[in-house]
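Below is query-v6.pdb, which holds PDB, C-alpha atoms and all ligand atoms.
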MODEL        1
ATOM      1  CA  MET A  29       3.320  -6.234  15.005  1.00  0.00           C
ATOM      2  CA  ILE A  30       1.498  -5.537  11.757  1.00  0.00           C
ATOM      3  CA  ILE A  31       3.393  -3.213   9.449  1.00  0.00           C
ATOM      4  CA  ALA A  32       1.286  -1.636   6.718  1.00  0.00           C
ATOM      5  CA  LEU A  33       3.028   0.088   3.820  1.00  0.00           C
ATOM      6  CA  GLU A  34       0.999   2.888   2.296  1.00  0.00           C
ATOM      7  CA  GLY A  35       1.639   5.324  -0.522  1.00  0.00           C
ATOM      8  CA  PHE A  36       0.714   6.203  -4.059  1.00  0.00           C
ATOM      9  CA  MET A  37       0.946   3.789  -6.994  1.00  0.00           C
ATOM     10  CA  GLY A  38       4.578   3.295  -7.952  1.00  0.00           C
ATOM     11  CA  CYS A  39       6.131   4.309  -4.608  1.00  0.00           C
ATOM     12  CA  GLY A  40       7.551   0.800  -4.104  1.00  0.00           C
ATOM     13  CA  LYS A  41       5.213  -0.687  -1.481  1.00  0.00           C
ATOM     14  CA  SER A  42       5.351  -4.248  -2.833  1.00  0.00           C
ATOM     15  CA  SER A  43       9.134  -4.307  -3.394  1.00  0.00           C
ATOM     16  CA  VAL A  44       9.797  -2.827   0.043  1.00  0.00           C
ATOM     17  CA  GLY A  45       7.393  -5.364   1.569  1.00  0.00           C
ATOM     18  CA  ARG A  46       9.367  -8.210  -0.008  1.00  0.00           C
ATOM     19  CA  GLU A  47      12.711  -6.788   1.204  1.00  0.00           C
ATOM     20  CA  LEU A  48      11.344  -6.265   4.694  1.00  0.00           C
ATOM     21  CA  ALA A  49      10.090  -9.846   4.746  1.00  0.00           C
ATOM     22  CA  LEU A  50      13.629 -11.026   3.939  1.00  0.00           C
ATOM     23  CA  LEU A  51      15.052  -8.930   6.780  1.00  0.00           C
ATOM     24  CA  THR A  52      12.481  -9.911   9.403  1.00  0.00           C
ATOM     25  CA  GLY A  53      11.397 -13.408   8.346  1.00  0.00           C
ATOM     26  CA  TRP A  54       7.797 -12.221   8.777  1.00  0.00           C
ATOM     27  CA  GLU A  55       5.038 -13.098   6.373  1.00  0.00           C
ATOM     28  CA  ALA A  56       4.328 -10.457   3.759  1.00  0.00           C
ATOM     29  CA  TYR A  57       1.198  -9.899   1.752  1.00  0.00           C
ATOM     30  CA  ASP A  58       0.515  -7.629  -1.141  1.00  0.00           C
ATOM     31  CA  LEU A  59      -3.110  -6.604  -0.671  1.00  0.00           C
ATOM     32  CA  ASP A  60      -3.756  -6.343  -4.431  1.00  0.00           C
ATOM     33  CA  ALA A  61      -2.349  -9.863  -4.954  1.00  0.00           C
ATOM     34  CA  TYR A  62      -4.464 -11.152  -2.046  1.00  0.00           C
ATOM     35  CA  ILE A  63      -7.584  -9.613  -3.639  1.00  0.00           C
ATOM     36  CA  VAL A  64      -6.747 -11.223  -6.998  1.00  0.00           C
ATOM     37  CA  LEU A  65      -6.349 -14.586  -5.262  1.00  0.00           C
ATOM     38  CA  GLN A  66      -9.604 -14.293  -3.293  1.00  0.00           C
ATOM     39  CA  GLU A  67     -11.616 -13.033  -6.258  1.00  0.00           C
ATOM     40  CA  GLY A  68     -10.012 -15.154  -8.961  1.00  0.00           C
ATOM     41  CA  ARG A  69      -9.742 -12.192 -11.330  1.00  0.00           C
ATOM     42  CA  SER A  70      -7.518  -9.210 -11.949  1.00  0.00           C
ATOM     43  CA  ILE A  71      -7.834  -5.785 -10.306  1.00  0.00           C
ATOM     44  CA  ALA A  72      -8.420  -4.286 -13.765  1.00  0.00           C
ATOM     45  CA  ASP A  73     -11.270  -6.740 -14.290  1.00  0.00           C
ATOM     46  CA  ILE A  74     -12.908  -5.849 -10.955  1.00  0.00           C
ATOM     47  CA  PHE A  75     -12.693  -2.136 -11.809  1.00  0.00           C
ATOM     48  CA  ALA A  76     -14.054  -2.697 -15.330  1.00  0.00           C
ATOM     49  CA  LYS A  77     -16.992  -4.884 -14.249  1.00  0.00           C
ATOM     50  CA  GLU A  78     -17.932  -3.480 -10.815  1.00  0.00           C
ATOM     51  CA  GLY A  79     -16.394  -0.015 -10.686  1.00  0.00           C
ATOM     52  CA  GLU A  80     -14.312   1.680  -8.015  1.00  0.00           C
ATOM     53  CA  ALA A  81     -16.912   1.673  -5.202  1.00  0.00           C
ATOM     54  CA  ASP A  82     -17.329  -2.104  -5.313  1.00  0.00           C
ATOM     55  CA  PHE A  83     -13.560  -2.564  -5.593  1.00  0.00           C
ATOM     56  CA  ARG A  84     -13.160  -0.504  -2.394  1.00  0.00           C
ATOM     57  CA  GLU A  85     -15.640  -2.775  -0.597  1.00  0.00           C
ATOM     58  CA  ILE A  86     -13.775  -5.893  -1.669  1.00  0.00           C
ATOM     59  CA  GLU A  87     -10.459  -4.268  -0.737  1.00  0.00           C
ATOM     60  CA  THR A  88     -11.774  -3.306   2.708  1.00  0.00           C
ATOM     61  CA  ALA A  89     -13.121  -6.821   3.337  1.00  0.00           C
ATOM     62  CA  CYS A  90      -9.779  -8.381   2.331  1.00  0.00           C
ATOM     63  CA  LEU A  91      -7.826  -5.977   4.545  1.00  0.00           C
ATOM     64  CA  ASN A  92     -10.072  -6.783   7.503  1.00  0.00           C
ATOM     65  CA  GLU A  93      -9.603 -10.504   6.918  1.00  0.00           C
ATOM     66  CA  LEU A  94      -5.826 -10.145   7.026  1.00  0.00           C
ATOM     67  CA  LEU A  95      -5.871  -7.869  10.074  1.00  0.00           C
ATOM     68  CA  GLU A  96      -8.092 -10.311  11.974  1.00  0.00           C
ATOM     69  CA  GLU A  97      -6.063 -13.338  10.964  1.00  0.00           C
ATOM     70  CA  TYR A  98      -2.791 -11.777  12.113  1.00  0.00           C
ATOM     71  CA  GLU A  99      -4.058  -9.914  15.182  1.00  0.00           C
ATOM     72  CA  GLY A 100      -1.434 -10.312  17.911  1.00  0.00           C
ATOM     73  CA  GLY A 101       1.123 -11.713  15.415  1.00  0.00           C
ATOM     74  CA  ASP A 102       3.632 -10.345  12.926  1.00  0.00           C
ATOM     75  CA  LEU A 103       2.750  -9.342   9.379  1.00  0.00           C
ATOM     76  CA  ILE A 104       3.851  -7.019   6.624  1.00  0.00           C
ATOM     77  CA  VAL A 105       1.139  -5.835   4.277  1.00  0.00           C
ATOM     78  CA  ALA A 106       1.741  -3.699   1.205  1.00  0.00           C
ATOM     79  CA  LEU A 107      -1.524  -1.814   0.726  1.00  0.00           C
ATOM     80  CA  GLY A 108      -3.040  -0.603  -2.520  1.00  0.00           C
ATOM     81  CA  GLY A 109      -2.604   3.097  -3.244  1.00  0.00           C
ATOM     82  CA  GLY A 110      -6.229   3.824  -2.333  1.00  0.00           C
ATOM     83  CA  THR A 111      -6.632   1.463   0.646  1.00  0.00           C
ATOM     84  CA  PRO A 112      -6.317   4.180   3.331  1.00  0.00           C
ATOM     85  CA  LEU A 113      -9.205   6.171   1.807  1.00  0.00           C
ATOM     86  CA  LEU A 114     -11.815   4.028   3.600  1.00  0.00           C
ATOM     87  CA  ASN A 115      -9.536   2.387   6.134  1.00  0.00           C
ATOM     88  CA  SER A 116      -7.497   5.104   7.767  1.00  0.00           C
ATOM     89  CA  ALA A 117      -9.007   4.545  11.235  1.00  0.00           C
ATOM     90  CA  ILE A 118      -8.487   0.788  11.346  1.00  0.00           C
ATOM     91  CA  LEU A 119      -4.965   1.101   9.939  1.00  0.00           C
ATOM     92  CA  LYS A 120      -4.110   3.603  12.671  1.00  0.00           C
ATOM     93  CA  GLU A 121      -5.591   1.394  15.342  1.00  0.00           C
ATOM     94  CA  LYS A 122      -4.282  -2.012  14.302  1.00  0.00           C
ATOM     95  CA  THR A 123      -1.072  -1.395  12.359  1.00  0.00           C
ATOM     96  CA  CYS A 124       2.145   0.518  12.352  1.00  0.00           C
ATOM     97  CA  CYS A 125       1.465   2.265   9.060  1.00  0.00           C
ATOM     98  CA  ILE A 126       4.420   3.637   7.151  1.00  0.00           C
ATOM     99  CA  TRP A 127       3.978   6.107   4.318  1.00  0.00           C
ATOM    100  CA  LEU A 128       6.479   5.613   1.504  1.00  0.00           C
ATOM    101  CA  ARG A 129       6.389   9.200   0.290  1.00  0.00           C
ATOM    102  CA  ALA A 130       7.516   9.586  -3.319  1.00  0.00           C
ATOM    103  CA  SER A 131       7.632  12.671  -5.498  1.00  0.00           C
ATOM    104  CA  PHE A 132       5.425  12.951  -8.560  1.00  0.00           C
ATOM    105  CA  GLU A 133       8.491  12.451 -10.779  1.00  0.00           C
ATOM    106  CA  THR A 134       9.464   9.208  -9.038  1.00  0.00           C
ATOM    107  CA  ILE A 135       5.907   7.930  -9.332  1.00  0.00           C
ATOM    108  CA  LEU A 136       5.787   8.641 -13.063  1.00  0.00           C
ATOM    109  CA  ARG A 137       9.078   6.836 -13.590  1.00  0.00           C
ATOM    110  CA  HIS A 138       8.169   3.797 -11.521  1.00  0.00           C
ATOM    111  CA  VAL A 139       4.652   3.263 -12.827  1.00  0.00           C
ATOM    112  CA  GLY A 140       5.825   3.687 -16.405  1.00  0.00           C
ATOM    113  CA  ALA A 141       8.422   0.980 -15.769  1.00  0.00           C
ATOM    114  CA  SER A 142       6.101  -1.448 -13.969  1.00  0.00           C
ATOM    115  CA  ASP A 143       2.411  -1.589 -14.861  1.00  0.00           C
ATOM    116  CA  PRO A 144       0.976   1.452 -16.630  1.00  0.00           C
ATOM    117  CA  SER A 145      -2.359  -0.364 -17.072  1.00  0.00           C
ATOM    118  CA  ARG A 146      -3.414   0.245 -13.452  1.00  0.00           C
ATOM    119  CA  PRO A 147      -7.091   1.304 -13.600  1.00  0.00           C
ATOM    120  CA  LEU A 148      -6.585   4.601 -11.745  1.00  0.00           C
ATOM    121  CA  TYR A 149      -3.346   5.531 -13.472  1.00  0.00           C
ATOM    122  CA  LYS A 150      -5.126   7.921 -15.784  1.00  0.00           C
ATOM    123  CA  GLY A 151      -6.516  11.454 -15.781  1.00  0.00           C
ATOM    124  CA  ASP A 152      -4.904  14.055 -13.567  1.00  0.00           C
ATOM    125  CA  ILE A 153      -2.430  11.945 -11.603  1.00  0.00           C
ATOM    126  CA  ARG A 154      -0.892  14.964  -9.905  1.00  0.00           C
ATOM    127  CA  ALA A 155      -4.327  16.011  -8.582  1.00  0.00           C
ATOM    128  CA  ARG A 156      -5.065  12.472  -7.395  1.00  0.00           C
ATOM    129  CA  LEU A 157      -1.741  12.421  -5.570  1.00  0.00           C
ATOM    130  CA  ALA A 158      -2.493  15.788  -3.922  1.00  0.00           C
ATOM    131  CA  GLN A 159      -5.912  14.500  -2.762  1.00  0.00           C
ATOM    132  CA  ARG A 160      -4.354  11.383  -1.275  1.00  0.00           C
ATOM    133  CA  GLU A 161      -1.436  12.966   0.566  1.00  0.00           C
ATOM    134  CA  PRO A 162      -3.435  14.311   3.544  1.00  0.00           C
ATOM    135  CA  VAL A 163      -4.987  10.854   4.022  1.00  0.00           C
ATOM    136  CA  TYR A 164      -1.581   9.163   3.900  1.00  0.00           C
ATOM    137  CA  GLU A 165      -0.222  11.695   6.366  1.00  0.00           C
ATOM    138  CA  ALA A 166      -3.126  11.278   8.778  1.00  0.00           C
ATOM    139  CA  THR A 167      -2.763   7.481   8.691  1.00  0.00           C
ATOM    140  CA  ALA A 168       1.024   7.203   8.955  1.00  0.00           C
ATOM    141  CA  ARG A 169       2.940   6.517  12.146  1.00  0.00           C
ATOM    142  CA  HIS A 170       6.185   7.040  10.232  1.00  0.00           C
ATOM    143  CA  ILE A 171       7.041   8.671   6.905  1.00  0.00           C
ATOM    144  CA  ILE A 172       9.978   7.771   4.674  1.00  0.00           C
ATOM    145  CA  ASP A 173      10.979   9.914   1.702  1.00  0.00           C
ATOM    146  CA  VAL A 174      11.829   7.205  -0.780  1.00  0.00           C
ATOM    147  CA  ASP A 175      13.079   9.213  -3.780  1.00  0.00           C
ATOM    148  CA  GLY A 176      16.409   7.766  -4.921  1.00  0.00           C
ATOM    149  CA  LEU A 177      16.390   4.968  -2.319  1.00  0.00           C
ATOM    150  CA  SER A 178      16.419   1.286  -3.221  1.00  0.00           C
ATOM    151  CA  PRO A 179      13.698  -0.954  -1.728  1.00  0.00           C
ATOM    152  CA  ALA A 180      16.391  -2.691   0.360  1.00  0.00           C
ATOM    153  CA  THR A 181      17.525   0.640   1.833  1.00  0.00           C
ATOM    154  CA  VAL A 182      13.943   1.623   2.660  1.00  0.00           C
ATOM    155  CA  ALA A 183      13.378  -1.760   4.291  1.00  0.00           C
ATOM    156  CA  ARG A 184      16.491  -1.287   6.467  1.00  0.00           C
ATOM    157  CA  GLN A 185      15.205   2.135   7.550  1.00  0.00           C
ATOM    158  CA  ILE A 186      11.875   0.598   8.517  1.00  0.00           C
ATOM    159  CA  LEU A 187      13.621  -2.082  10.546  1.00  0.00           C
ATOM    160  CA  LYS A 188      15.528   0.616  12.479  1.00  0.00           C
ATOM    161  CA  MET A 189      12.295   2.528  13.090  1.00  0.00           C
ATOM    162  CA  ILE A 190      10.446  -0.425  14.519  1.00  0.00           C
ATOM    163  CA  GLN A 191      13.388  -1.532  16.640  1.00  0.00           C
ATOM    164  CA  ALA A 192      13.843   1.953  18.150  1.00  0.00           C
TER
HETATM  165  C1  LIG B   1      -5.146   1.906  -6.626  1.00  0.00           C
HETATM  166  C2  LIG B   1      -3.875   1.387  -6.557  1.00  0.00           C
HETATM  167  C3  LIG B   1      -3.554   0.010  -6.965  1.00  0.00           C
HETATM  168  C4  LIG B   1      -4.779  -0.901  -6.876  1.00  0.00           C
HETATM  169  C5  LIG B   1      -5.933  -0.292  -7.602  1.00  0.00           C
HETATM  170  C6  LIG B   1      -6.309   1.093  -7.070  1.00  0.00           C
HETATM  171  C7  LIG B   1      -5.365   3.309  -6.184  1.00  0.00           C
HETATM  172  O1  LIG B   1      -2.530  -0.502  -6.132  1.00  0.00           O
HETATM  173  O2  LIG B   1      -5.139  -1.166  -5.544  1.00  0.00           O
HETATM  174  O3  LIG B   1      -5.594  -0.240  -8.949  1.00  0.00           O
HETATM  175  O4  LIG B   1      -6.526   3.668  -5.917  1.00  0.00           O
HETATM  176  O5  LIG B   1      -4.385   4.066  -6.067  1.00  0.00           O
HETATM  177  P1  LIG B   1      -0.982  -0.043  -6.252  1.00  0.00           P
HETATM  178  O6  LIG B   1      -0.797   1.173  -5.416  1.00  0.00           O
HETATM  179  O7  LIG B   1      -0.248  -1.228  -5.686  1.00  0.00           O
HETATM  180  O8  LIG B   1      -0.704   0.176  -7.690  1.00  0.00           O
ENDMDL
END
Encoded form (structure tokens):
Amino acid sequence: MIIALEGFMGCGKSSVGRELALLTGWEAYDLDAYIVLQEGRSIADIFAKEGEADFREIETACLNELLEEYEGGDLIVALGGGTPLLNSAILKEKTCCIWLRASFETILRHVGASDPSRPLYKGDIRARLAQREPVYEATARHIIDVDGLSPATVARQILKMIQA
């Protein structure tokens, strides 16, 4: 099974992916980290030099690579916050996509504490979140409200969901 973790920047996708990998023994990828490895440069650099549209193309190509490589096997992939924008259909078809739904307040706290230099963490974040939510909802097979939950707790909930 391929488990894809979706949600806005700062919802905990990467940390939950790591915890879930510990629980399952499955391989886990962080799509942003995979892009950085393939491209040999940072996400911020790709945004600065090529812009968002080209970043989305690279992101889509990398996602497709991973989905093809692991077709029929087990994988956990923590998506980027914007990955479902162009890839909702393929995520629905090929993965069990789980939306880690976080409130605006949680997002502000987490991103401030991790990496505030994310290229799209600027402007009207609340509006960006509101635009994304319908896409996350349409793509998700399951939704977890993650406010106040540790990544390990979220990972345990996911394990129960996929074993049910
Ligand atoms: C983005 C989120 C980032 C990264 C890029 C664009 C977005 O990933 O893919 O900066 O569009 O929300 P995280 O959600 O892991 O921060």
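Contacts with ligand LIG 1 (chain B) are defined as any residue atom within 7 Å of a ligand atom, using only C-alpha atoms and all ligand atoms; the residues meeting this criterion are Gly35, Phe36, Met37, Gly38, Lys41, Ser42, Asp60, Ile71, Ala72, Leu107, Gly108, Gly109, Gly110, Thr111, Arg146, Pro147 and Leu148 of chain A.
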With only C-alpha atoms as the counted atoms, please give the residues lying no more than 12 Å from A:Arg169, apart from itself and same-chain residues fewer than 2 positions off, as an MDAnalysis selection string.
chainID A and resid 31:34 116 119:128 164:167 171:172 186 189:190
For this file, the PyMOL selection byres (((chain A and resi 95) around 12) and not hetatm) selects which residues, as a PyMOL selection string?
chain A and resi 29-32+57+59+88-94+96-105+107+115+118-124
Quick one: everything within 8 Å of A:Pro179, counting all atoms listed in the file, minus sequence neighbours fewer than 2 positions away in the same chain. Send it as a ChimeraX atom specification.
/A:40,43-44,47,177,181-183
Exactly which residues make up the result of the PyMOL selection byres (((chain A and resi 154-160) around 8) and not hetatm) on this file, given as a PyMOL selection string?
chain A and resi 36+110+113+132+152-153+161-164
Using atom CA of A:Ile74 and atom CA of A:Ala168 as the two end points, give the distance in Å to one decimal.
27.6 Å
Residues matched by the PyMOL selection byres (((chain A and resi 131) around 9) and not hetatm), written as a PDB file with C-alpha atoms, in the coordinates of the input:
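Result file follows (out-v5.pdb):
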ATOM      1  CA  CYS A  39       6.131   4.309  -4.608  1.00  0.00           C
ATOM      2  CA  ARG A 129       6.389   9.200   0.290  1.00  0.00           C
ATOM      3  CA  ALA A 130       7.516   9.586  -3.319  1.00  0.00           C
ATOM      4  CA  PHE A 132       5.425  12.951  -8.560  1.00  0.00           C
ATOM      5  CA  GLU A 133       8.491  12.451 -10.779  1.00  0.00           C
ATOM      6  CA  THR A 134       9.464   9.208  -9.038  1.00  0.00           C
ATOM      7  CA  ILE A 135       5.907   7.930  -9.332  1.00  0.00           C
ATOM      8  CA  LEU A 136       5.787   8.641 -13.063  1.00  0.00           C
ATOM      9  CA  ASP A 173      10.979   9.914   1.702  1.00  0.00           C
ATOM     10  CA  VAL A 174      11.829   7.205  -0.780  1.00  0.00           C
ATOM     11  CA  ASP A 175      13.079   9.213  -3.780  1.00  0.00           C
TER      12      ASP A 175
END
Please measure the separation of atom CA of A:Ala117 and atom CA of A:Lys150, giving the value in Å to one decimal.
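Taking atom CA of A:Ala117 as the start and atom CA of A:Lys150 as the end point, the length is 27.5 Å.
When all atoms listed in the file are used to compute distances to A:His170, the closest of the residues A:Ala76, A:Val139, A:Leu65, A:Leu187 turns out to be A:Leu187.
The smallest atom-to-atom distance between A:Ala106 and any of A:Gly151, A:Gly45, A:Gly53, A:Gly68, using all atoms listed in the file, is found for A:Gly45.
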